[in-house]
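Undergrad: Below you'll find the structure I mean.
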Amino acid sequence: MTFENFTKLTGATLRNAPSITSFENVVTEPGRVRHGDLFVGNDLSAIETAIAQGAHGIVCETRIPILDPEIAWFQTDSVKQTLMKLLRFLLLHKKMHFFYLEPVAFAYLKALMPHKRAIFLDHDYRHTFRRLQEASSETMIFSDDKTLLETIYPEFTTIETTNAYNLKITHHTLFQSSFLYRGRYHPRIKVPPLFISEYATVLEFCRKHKIEIDIAKTPFIPHFYPFFVNQNLKLRRYGTTDHVLIVEEETGLIEKEYLYLKREAGWAKIVLLLPPETKAPFLSNPAQKIECKSLTDLQHLKEVDFHFAIVAQKSAIIREFLEQRDQKENNPLLKESYD
C-alpha cells in the first residue's frame, strides 16, 4: 500500500517527506517486523527495534523525534482506531464468516469447538488485528464484542440465545446439570441451570454447522466459576466445603447470578466483592457488598460468615491467587476437580 492511500484510509498525518513511498505489511509487534513493513505502536524501544529490522514507516500517537528521516513517520489520534480502519479495509478482500454471541454462549463455544476451524477474538485489539490479518478465507470468526464487529465487519451474524427446547434438565446442583439432549442422557455436566439456554444455543449451533463436540468434556467457563475454599481461603476439592468463591469477569452478569443464588439457595449467606465504583442496587442489605480494590482484599472473607462470595474478577487470576497462597499443598486432585 502507498503511504498516500494509507493517509486517505486512516486519516493519519504524514510528518515528513520520506524517500520511501509504500510498505508491505502492517505489524504491531516489533519482533515480527520485516524489511518493508509499517510498524504501529507507541513504545519508543519497540519503535527503535522496528526501525533496526527494516520498517518502512512508523505510526504512533506521540510526537516523538524522527529517528530516521528516510522512512515515513505518521501521527494519529488513536493507534487502535487506525488499526481498526485498516482491518475493515483488509477484510473486504477476505471471505470470512463473522458471528456475534453474548459472553456466556461465547465462552461455551470457545471451550467446546475445535479451534482449528475458528478464531475466537479476545479484547486485545493488537492481537485481533494480527490474527485476522493472517487468517485464511472461509475461517469462522467469533466475538462477544458487538461494537468491534460493527466497526470491522458490519455484515456479521448474531447467534441469538434461544430457549432450551431440545434440552431437558433431569437433575441439577447449583453448578452442574444432568440433562437429556435430543434423546441422549448427559450426567453431571459443568453447566449451571442459570446458563442452560446459552449452552443449548451453542449445542444447536454446533449441530447445525456439523461441528463435532464432546459434551462430557464441557469445563467450567469464566462466568459463575466456582472455587470451593475453607475458612482460611485455601482451595479445596469441588463440592467439599461450605464456602464458595464464585468468580465473574462480566460485572453485567452479577445481578443475574446473585438472584439465581437467592432463588435456588435461599438459606445461603451471600456477599459480593466488587470494585468500589460498582453499584449493586439489587442488594437488600448494603453490608453484603465488600469493596475489593485488590486481591489482598479477599482476606476480608476470613472475617465474614458466608456461603457464597461473588467476586468480580477473572477466574485465572483468582485461581493463581489461591494456588500461590498454599504452594506447599501439592494436590493434583484439586486441579482435576475443576478442569
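In the C-alpha cells, chains take letters A, B, ... by order of appearance, with residues numbered from 1 within each chain and ligands from 1 in the order shown.
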Neighbouring residues of Lys8 of chain A were defined as those with any atom within 12 Å, considering only C-alpha atoms; residues of the same chain fewer than 5 positions away were excluded. Please report them as a VMD selection string.

TA: chain A and resid 1 to 3 13 to 14 82 85 to 86 89

Undergrad: Keeping only C-alpha atoms, take the residues you just selected and write them out as a short mmCIF file (atom, residue, chain, number, x, y, z; two decimals), in the first residue's frame.

TA:
data_model
loop_
_atom_site.label_atom_id
_atom_site.label_comp_id
_atom_site.auth_asym_id
_atom_site.auth_seq_id
_atom_site.Cartn_x
_atom_site.Cartn_y
_atom_site.Cartn_z
CA MET A 1 0.00 0.00 0.00
CA THR A 2 1.24 3.51 -0.76
CA PHE A 3 1.64 6.00 2.04
CA THR A 13 -0.86 12.60 9.26
CA LEU A 14 2.48 12.16 7.47
CA THR A 82 -6.11 3.37 12.88
CA LYS A 85 -9.86 1.17 9.90
CA LEU A 86 -7.08 -0.79 8.26
CA PHE A 89 -10.29 -2.46 4.58
#

Undergrad: Per residue of segment 153-228 of chain A within 7 Å of segment 94-114 of chain A, note the shortest atom pair and the distance in Å to one decimal, counting only C-alpha atoms, and order the rows by chain and increasing residue number, as JSON lines.

TA:
{"residue": "A:Phe156", "atom": "CA", "partner": "A:Phe98", "partner_atom": "CA", "distance": 4.8}
{"residue": "A:Thr157", "atom": "CA", "partner": "A:Phe99", "partner_atom": "CA", "distance": 4.7}
{"residue": "A:Thr158", "atom": "CA", "partner": "A:Tyr100", "partner_atom": "CA", "distance": 4.7}
{"residue": "A:Ile159", "atom": "CA", "partner": "A:Leu101", "partner_atom": "CA", "distance": 5.5}
{"residue": "A:Glu198", "atom": "CA", "partner": "A:Ala105", "partner_atom": "CA", "distance": 4.9}
{"residue": "A:Tyr199", "atom": "CA", "partner": "A:Ala105", "partner_atom": "CA", "distance": 6.2}
{"residue": "A:Val202", "atom": "CA", "partner": "A:Leu109", "partner_atom": "CA", "distance": 5.9}
{"residue": "A:Ile213", "atom": "CA", "partner": "A:Leu112", "partner_atom": "CA", "distance": 5.9}
{"residue": "A:Thr218", "atom": "CA", "partner": "A:Leu112", "partner_atom": "CA", "distance": 6.5}
{"residue": "A:Ile221", "atom": "CA", "partner": "A:Ala107", "partner_atom": "CA", "distance": 6.2}
{"residue": "A:His223", "atom": "CA", "partner": "A:Val104", "partner_atom": "CA", "distance": 6.8}

Undergrad: Save out the residues we just selected, C-alpha atoms, as an mmCIF file, in the first residue's frame.

TA:
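What landed in out-v3.cif:
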data_model
loop_
_atom_site.group_PDB
_atom_site.id
_atom_site.type_symbol
_atom_site.label_atom_id
_atom_site.label_comp_id
_atom_site.auth_asym_id
_atom_site.auth_seq_id
_atom_site.Cartn_x
_atom_site.Cartn_y
_atom_site.Cartn_z
ATOM 1 C CA PHE A 156 -21.725 -10.235 10.956
ATOM 2 C CA THR A 157 -24.342 -12.779 12.053
ATOM 3 C CA THR A 158 -25.823 -12.658 15.546
ATOM 4 C CA ILE A 159 -26.345 -16.027 17.213
ATOM 5 C CA GLU A 198 -26.919 -20.221 26.381
ATOM 6 C CA TYR A 199 -25.460 -23.721 26.474
ATOM 7 C CA VAL A 202 -24.232 -23.468 21.451
ATOM 8 C CA ILE A 213 -18.008 -31.604 20.168
ATOM 9 C CA THR A 218 -17.546 -29.247 28.982
ATOM 10 C CA ILE A 221 -16.258 -21.262 31.985
ATOM 11 C CA HIS A 223 -18.592 -16.921 34.191
#

Undergrad: Give the alpha helix (DSSP H) residues of segment 109-211 of chain A, as DSSP finds them on the backbone, and put them as a PyMOL selection string.

TA: chain A and resi 109-112+125-134+146-152+196-208

Undergrad: Store the residues of this selection in a file with N, CA and C atoms, as a CSV table (one decimal), in the first residue's frame.

TA:
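Now in out.csv:
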chain,number,residue,atom,x,y,z
A,109,LEU,N,-18.9,-21.9,23.6
A,109,LEU,CA,-18.5,-22.3,22.2
A,109,LEU,C,-17.0,-22.4,22.1
A,110,LYS,N,-16.3,-21.4,22.7
A,110,LYS,CA,-14.9,-21.4,22.7
A,110,LYS,C,-14.3,-22.6,23.4
A,111,ALA,N,-14.9,-23.0,24.5
A,111,ALA,CA,-14.5,-24.2,25.3
A,111,ALA,C,-14.7,-25.5,24.5
A,112,LEU,N,-15.7,-25.6,23.7
A,112,LEU,CA,-16.1,-26.8,23.1
A,112,LEU,C,-15.7,-27.0,21.6
A,125,TYR,N,-6.9,-5.4,21.0
A,125,TYR,CA,-7.0,-5.0,19.6
A,125,TYR,C,-5.8,-5.3,18.7
A,126,ARG,N,-4.6,-5.3,19.3
A,126,ARG,CA,-3.4,-5.6,18.5
A,126,ARG,C,-3.4,-7.1,18.2
A,127,HIS,N,-3.8,-7.9,19.1
A,127,HIS,CA,-3.9,-9.4,18.9
A,127,HIS,C,-4.9,-9.7,17.9
A,128,THR,N,-6.1,-9.0,18.0
A,128,THR,CA,-7.2,-9.1,17.0
A,128,THR,C,-6.7,-8.8,15.6
A,129,PHE,N,-6.0,-7.7,15.5
A,129,PHE,CA,-5.5,-7.2,14.2
A,129,PHE,C,-4.6,-8.3,13.5
A,130,ARG,N,-3.7,-8.8,14.3
A,130,ARG,CA,-2.7,-9.8,13.7
A,130,ARG,C,-3.4,-11.1,13.3
A,131,ARG,N,-4.3,-11.6,14.2
A,131,ARG,CA,-5.0,-12.8,13.9
A,131,ARG,C,-5.8,-12.8,12.7
A,132,LEU,N,-6.6,-11.7,12.5
A,132,LEU,CA,-7.4,-11.5,11.3
A,132,LEU,C,-6.6,-11.2,10.1
A,133,GLN,N,-5.5,-10.5,10.2
A,133,GLN,CA,-4.7,-10.2,9.1
A,133,GLN,C,-4.1,-11.5,8.5
A,134,GLU,N,-3.8,-12.5,9.4
A,134,GLU,CA,-3.2,-13.7,9.0
A,134,GLU,C,-4.2,-14.8,8.7
A,146,LYS,N,-19.8,-6.7,20.3
A,146,LYS,CA,-20.6,-6.3,19.2
A,146,LYS,C,-20.1,-5.0,18.6
A,147,THR,N,-19.6,-4.1,19.4
A,147,THR,CA,-19.0,-2.8,18.9
A,147,THR,C,-17.8,-3.1,18.0
A,148,LEU,N,-17.0,-4.0,18.3
A,148,LEU,CA,-15.8,-4.3,17.5
A,148,LEU,C,-16.3,-4.8,16.1
A,149,LEU,N,-17.3,-5.8,16.1
A,149,LEU,CA,-17.7,-6.3,14.9
A,149,LEU,C,-18.4,-5.3,14.0
A,150,GLU,N,-19.2,-4.4,14.6
A,150,GLU,CA,-19.8,-3.3,13.9
A,150,GLU,C,-18.8,-2.4,13.2
A,151,THR,N,-17.6,-2.3,13.8
A,151,THR,CA,-16.5,-1.4,13.3
A,151,THR,C,-15.8,-2.1,12.1
A,152,ILE,N,-15.5,-3.4,12.3
A,152,ILE,CA,-14.6,-4.0,11.3
A,152,ILE,C,-15.3,-4.9,10.3
A,196,ILE,N,-28.4,-22.6,31.1
A,196,ILE,CA,-28.7,-23.7,30.2
A,196,ILE,C,-29.2,-23.2,28.9
A,197,SER,N,-29.8,-22.1,28.8
A,197,SER,CA,-30.3,-21.6,27.5
A,197,SER,C,-29.1,-21.2,26.6
A,198,GLU,N,-28.1,-20.6,27.1
A,198,GLU,CA,-26.9,-20.2,26.4
A,198,GLU,C,-26.2,-21.5,25.9
A,199,TYR,N,-26.1,-22.5,26.8
A,199,TYR,CA,-25.5,-23.7,26.5
A,199,TYR,C,-26.2,-24.5,25.4
A,200,ALA,N,-27.5,-24.5,25.5
A,200,ALA,CA,-28.3,-25.2,24.4
A,200,ALA,C,-28.2,-24.5,23.1
A,201,THR,N,-28.1,-23.2,23.1
A,201,THR,CA,-27.8,-22.4,21.9
A,201,THR,C,-26.6,-22.8,21.2
A,202,VAL,N,-25.5,-23.0,22.0
A,202,VAL,CA,-24.2,-23.5,21.5
A,202,VAL,C,-24.3,-24.9,20.9
A,203,LEU,N,-25.0,-25.8,21.6
A,203,LEU,CA,-25.2,-27.1,21.1
A,203,LEU,C,-25.9,-27.1,19.8
A,204,GLU,N,-27.0,-26.3,19.7
A,204,GLU,CA,-27.7,-26.3,18.4
A,204,GLU,C,-26.9,-25.7,17.3
A,205,PHE,N,-26.1,-24.7,17.6
A,205,PHE,CA,-25.2,-24.1,16.6
A,205,PHE,C,-24.2,-25.1,16.0
A,206,CYS,N,-23.6,-25.9,16.9
A,206,CYS,CA,-22.7,-26.9,16.5
A,206,CYS,C,-23.4,-28.0,15.7
A,207,ARG,N,-24.5,-28.3,16.1
A,207,ARG,CA,-25.3,-29.4,15.3
A,207,ARG,C,-25.6,-28.9,13.9
A,208,LYS,N,-26.1,-27.6,13.8
A,208,LYS,CA,-26.4,-27.0,12.5
A,208,LYS,C,-25.2,-27.0,11.6

Undergrad: Extract, using only C-alpha atoms, all DNA, RNA and protein residues at most 7 Å from Gln176 of chain A, discarding same-chain residues fewer than 6 positions from it, and format them as a short mmCIF file (atom, residue, chain, number, x, y, z; two decimals) with N, CA and C atoms, in the first residue's frame.

TA:
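Printed below is around-v4.cif as written:
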data_model
loop_
_atom_site.label_atom_id
_atom_site.label_comp_id
_atom_site.auth_asym_id
_atom_site.auth_seq_id
_atom_site.Cartn_x
_atom_site.Cartn_y
_atom_site.Cartn_z
N ARG A 188 -24.17 -34.92 34.97
CA ARG A 188 -23.24 -34.06 35.72
C ARG A 188 -22.33 -33.23 34.79
N ILE A 189 -22.92 -32.48 33.92
CA ILE A 189 -22.18 -31.60 33.03
C ILE A 189 -21.96 -30.26 33.74
N LYS A 190 -20.79 -29.69 33.57
CA LYS A 190 -20.42 -28.47 34.31
C LYS A 190 -21.08 -27.23 33.73
N VAL A 191 -22.40 -27.25 33.77
CA VAL A 191 -23.22 -26.13 33.30
C VAL A 191 -24.31 -25.88 34.34
N PRO A 192 -24.36 -24.73 34.96
CA PRO A 192 -25.43 -24.45 35.92
C PRO A 192 -26.75 -24.22 35.17
#

Undergrad: Tell me, as a list in words, which residues lie within 10 Å of Glu257 of chain A, counting only C-alpha atoms; anything in the same chain fewer than 2 positions away does not count.

TA: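 What passes the distance filter is Leu194, Phe195, His223, Phe224, Ile246, Glu248, Gly252, Leu253, Ile254, Glu255, Leu259, Tyr260, Leu261, Lys262, Arg263 and Ile310 of chain A.
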
Undergrad: Go through A:Ser45, A:Gln231, A:Ala316, A:Ala280 and flag the residue nearest Lys256 of chain A, using only C-alpha atoms for the distances.

TA: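 With only C-alpha atoms as the atom set, the closest residue is A:Ala280.
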
Undergrad: Using only C-alpha atoms, which residue out of A:Asn42, A:Ser136, A:Gln324, A:Thr76 lies closest to Leu235 of chain A?

TA: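 Selected residue with least distance to Leu235 of chain A: A:Gln324.
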
Undergrad: Name all residues at most 12 Å from Gly36 of chain A (count only C-alpha atoms; drop same-chain ones fewer than 5 positions away) and give them as a list in words.

TA: Met1, Thr2, Ile20, Thr21, Ser22, Phe23, Glu24, Asn25, Val26, Val27, Ala50, Ile51, Ala52, Gln53, Gly54, Ala55, His56, Gly57, Ile58, Ile71 and Ala72 of chain A

Undergrad: Identify all residues of segment 73-287 of chain A in strand (DSSP E or B) (DSSP on the backbone) and supply them as a PyMOL selection string.

TA: chain A and resi 73-75+97-100+118-120+140-143+157-158+167-172+177-181+184-189+225-229+235+243-248+270-274

Undergrad: Quick one: write out the picked residues with C-alpha atoms as a PDB file, in the first residue's frame?

TA:
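For reference, selection.pdb as written:
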ATOM      1  CA  TRP A  73       6.571   8.909  10.216  1.00  0.00           C
ATOM      2  CA  PHE A  74       2.835   9.140  10.827  1.00  0.00           C
ATOM      3  CA  GLN A  75       0.952  10.625  13.727  1.00  0.00           C
ATOM      4  CA  HIS A  97     -17.896 -15.656   8.395  1.00  0.00           C
ATOM      5  CA  PHE A  98     -18.243 -13.441  11.475  1.00  0.00           C
ATOM      6  CA  PHE A  99     -20.539 -14.314  14.378  1.00  0.00           C
ATOM      7  CA  TYR A 100     -21.543 -12.420  17.493  1.00  0.00           C
ATOM      8  CA  ALA A 118     -12.339 -20.985  14.073  1.00  0.00           C
ATOM      9  CA  ILE A 119     -10.858 -17.863  15.600  1.00  0.00           C
ATOM     10  CA  PHE A 120     -12.205 -16.565  18.914  1.00  0.00           C
ATOM     11  CA  MET A 140     -15.266 -18.736  11.146  1.00  0.00           C
ATOM     12  CA  ILE A 141     -14.698 -15.740  13.435  1.00  0.00           C
ATOM     13  CA  PHE A 142     -16.454 -15.392  16.793  1.00  0.00           C
ATOM     14  CA  SER A 143     -16.618 -12.422  19.150  1.00  0.00           C
ATOM     15  CA  THR A 157     -24.342 -12.779  12.053  1.00  0.00           C
ATOM     16  CA  THR A 158     -25.823 -12.658  15.546  1.00  0.00           C
ATOM     17  CA  LEU A 167     -32.618 -29.925  26.243  1.00  0.00           C
ATOM     18  CA  LYS A 168     -34.417 -31.156  29.357  1.00  0.00           C
ATOM     19  CA  ILE A 169     -32.754 -30.972  32.764  1.00  0.00           C
ATOM     20  CA  THR A 170     -33.395 -34.107  34.848  1.00  0.00           C
ATOM     21  CA  HIS A 171     -31.281 -33.190  37.864  1.00  0.00           C
ATOM     22  CA  HIS A 172     -29.090 -30.315  38.878  1.00  0.00           C
ATOM     23  CA  SER A 177     -26.727 -30.168  35.316  1.00  0.00           C
ATOM     24  CA  SER A 178     -27.756 -33.629  34.155  1.00  0.00           C
ATOM     25  CA  PHE A 179     -29.959 -33.486  31.100  1.00  0.00           C
ATOM     26  CA  LEU A 180     -31.442 -35.133  28.056  1.00  0.00           C
ATOM     27  CA  TYR A 181     -30.415 -33.566  24.763  1.00  0.00           C
ATOM     28  CA  ARG A 184     -29.280 -38.783  24.827  1.00  0.00           C
ATOM     29  CA  TYR A 185     -28.579 -38.529  28.554  1.00  0.00           C
ATOM     30  CA  HIS A 186     -25.634 -36.450  29.772  1.00  0.00           C
ATOM     31  CA  PRO A 187     -24.900 -36.697  33.516  1.00  0.00           C
ATOM     32  CA  ARG A 188     -23.238 -34.064  35.717  1.00  0.00           C
ATOM     33  CA  ILE A 189     -22.176 -31.599  33.032  1.00  0.00           C
ATOM     34  CA  TYR A 225     -16.833 -20.104  38.079  1.00  0.00           C
ATOM     35  CA  PRO A 226     -16.861 -21.866  41.499  1.00  0.00           C
ATOM     36  CA  PHE A 227     -13.856 -22.302  43.766  1.00  0.00           C
ATOM     37  CA  PHE A 228     -14.557 -24.251  46.957  1.00  0.00           C
ATOM     38  CA  VAL A 229     -12.408 -22.962  49.819  1.00  0.00           C
ATOM     39  CA  LEU A 235      -8.594 -24.182  47.764  1.00  0.00           C
ATOM     40  CA  HIS A 243     -17.640 -21.781  51.301  1.00  0.00           C
ATOM     41  CA  VAL A 244     -17.555 -20.983  47.596  1.00  0.00           C
ATOM     42  CA  LEU A 245     -15.920 -18.151  45.721  1.00  0.00           C
ATOM     43  CA  ILE A 246     -17.943 -17.582  42.564  1.00  0.00           C
ATOM     44  CA  VAL A 247     -15.847 -15.636  40.088  1.00  0.00           C
ATOM     45  CA  GLU A 248     -17.387 -13.458  37.395  1.00  0.00           C
ATOM     46  CA  ILE A 270     -24.161 -14.269  50.110  1.00  0.00           C
ATOM     47  CA  VAL A 271     -21.627 -11.471  49.811  1.00  0.00           C
ATOM     48  CA  LEU A 272     -20.258  -9.622  46.810  1.00  0.00           C
ATOM     49  CA  LEU A 273     -16.684  -8.433  46.332  1.00  0.00           C
ATOM     50  CA  LEU A 274     -16.873  -5.612  43.811  1.00  0.00           C
TER      51      LEU A 274
END

Undergrad: Counting only C-alpha atoms, which residue out of A:Ala46, A:Ala135, A:Leu298, A:Ile66 sits closest to Leu121 of chain A?

TA: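 Going through A:Ala46, A:Ala135, A:Leu298, A:Ile66 one by one, the smallest distance to Leu121 of chain A is for A:Ala135.
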
Undergrad: Looking at only C-alpha atoms, which of A:Thr139, A:Thr251, A:Thr296, A:Asn166 is the one that sits closest to Glu277 of chain A?

TA: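 Answer, going by the shortest atom-to-atom distance: A:Thr251.
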